[in-house]
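Since the structure comes first, as structure tokens, the remarks are kept for the end.
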Amino acid sequence: MSGLNASLGYFVAAVTFVVSVRFLLKKRPRFSFISEFTSSFMLVACWLEVQTIVEVGEWAGGLGPDVTLTILFVVLLTHGIICGDASGNPSLAVQKFMKLEATTVTTLLDVAAQFIGAHLGLLAAKYYWSLELTDMHMIKNLMISECSTSLLVSVLQGFFTEFACALVLHIIHLNLCRRSALIRVPLIAVLLTFLSHSAKGYTSAYMNPSLAYGLTFHCSGFTFAEYAVVYWLGSLTGMTLAVLLYMGHIPRIFAKNLLYSQKTRFRVPKTDKAEMEIFTYQFSAVKRRF
């Protein structure tokens with residue numbers, strides 16, 4: 001229980017940092033990319049602690065899978081509520097660019113901020129583990145150099161796993177993007193938790209390039225390029241196909257709708273033949289008068 005109390009304090013510290021930065025940025029909309037930095041920082045820093053509870057807490061602290069799943073869901077729900085439109089996900093930043101909702105400069109700044117936030121989130125978690133506040137964190141600190149990779153299958157299998165999960169996520173996200181946050185945020189949190197748990201034996205379904213970079217790229221077992229193919233290319237490919245299926249085209253590349261025909265919403269009502277003859281006769285009579 002002491003380990004969970006320490007983890008709760010860590011989560012509260014990360015949330016407090018993000019809320020403070022977002023409050024300071026309310027009057028400075030030009031620096032909106034910093035919101036992406038804090039969003040990515042919070043996501044990586046908190047998910048790494050959840051990973052610690054899963055890897056160490058389940059056998060050292062006697063915590064069951066139901067506890068760890070609940071903690072992950074609460075973290076994702078809190079992240080969605082606090083960060084709002086700042087997803088901390090490069091795939092979503094590129095999606096906005098493809099939909100002509102963001103410029104090239106804005107997209108580059110957002111993606112760079114997300115990866116910087118992910119890296120600093122990793123450093124913050126390592127520093128926290130080095131304090132060895134509990135036995136769980138002491139064990140995790142000893143395991144840092146020998147961390148276990150989240151990619152438990154071949155590169156090809158991993159690519160298709162991330163691709164399929166990203167496709168499902170982005171299709172649902174596109175359908176929910178105009179719904180109320182009260183509906184959208186909990187549903188996305190549930191979906192992310194479900195996909196992550198379902199793909200636990202494959203890639204853990206991060207569906208987020210910067211999150212994967214902070215959580216597993218530093219672990220041995222695969223090269224940087226192999227990780228990039230699975231977690232970056234797989235996620236981006238799934239997102240691109242989701243946009244194509246949802247919109248029928250990719251606005252940044254194709255102006256013409258490639259999948260769905262544009263049909264007129266209103267039909268001209270059919271006129272009875274007799275009514276048409278009466279109208280023609282009356283029109284001719286009026287015309288003769290003039």
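FYI, nothing fancy with the structure tokens labels: chains A, B, ... in order, residues from 1 per chain, ligands from 1 as they appear.
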Worksheet item: Leaving out A:Tyr128 and any residue of its chain fewer than 5 positions from it, which residues lie within 10 Å of it when counting only C-alpha atoms, given as a ChimeraX atom specification?
Response: /A:7,10,45,49,122-123,133,137,141
Which residues of stretch 75-145 of chain A come within 7 Å of stretch 208-217 of chain A, and for each one, what is the closest pair of atoms and their distance in Å to one decimal, counting only C-alpha atoms, sorted by chain and residue number, as a tab-separated table?
```
residue	atom	partner	partner_atom	distance
A:Asn89	CA	A:Asn208	CA	5.3
A:Pro90	CA	A:Pro209	CA	6.3
A:Ser91	CA	A:Asn208	CA	6.4
A:Gln114	CA	A:Ser210	CA	6.3
A:Phe115	CA	A:Ser210	CA	5.2
A:Ala118	CA	A:Gly214	CA	5.3
A:His119	CA	A:Gly214	CA	5.8
A:Leu122	CA	A:Gly214	CA	5.7
```
Practice prompt. Please identify which residues in stretch 47-222 of chain A DSSP calls helix (DSSP H, G or I) from the backbone, and express them as a ChimeraX atom specification.
Written response: /A:47-60,65-83,90-98,104-130,135-142,144-146,155-176,181-198,209-215
Discussion item. Calculated over only C-alpha atoms, which of the candidates A:Gly9, A:Leu92, A:Phe194, A:Glu36 has the smallest distance to A:Arg22?
Written reply: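 Residue with the minimum atom-to-atom distance to A:Arg22: A:Glu36.
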Item to complete: Might you pull out every residue within 9 Å of A:Leu69, with only C-alpha atoms counted and same-chain residues fewer than 6 positions away left off, and present them as a list in words?
Response: Val50, Val54, Thr193, Phe194 and His197 of chain A
Discussion item. Show me, as a list in words, the residues that have an atom within 10 Å of A:Leu241 when counting only C-alpha atoms, minus same-chain residues fewer than 3 positions from it.
Written reply: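 Residues near the query, excluding close chain neighbours: Phe163, Ala166, Leu167, His170, Ile171, Leu236, Thr237, Gly238, Leu244, Leu245, Tyr246, Met247, Gly248, His249 and Ile250 of chain A.
Atom to atom, atom CA of A:Ser261 and atom CA of A:Val243 stand 16.3 Å apart.
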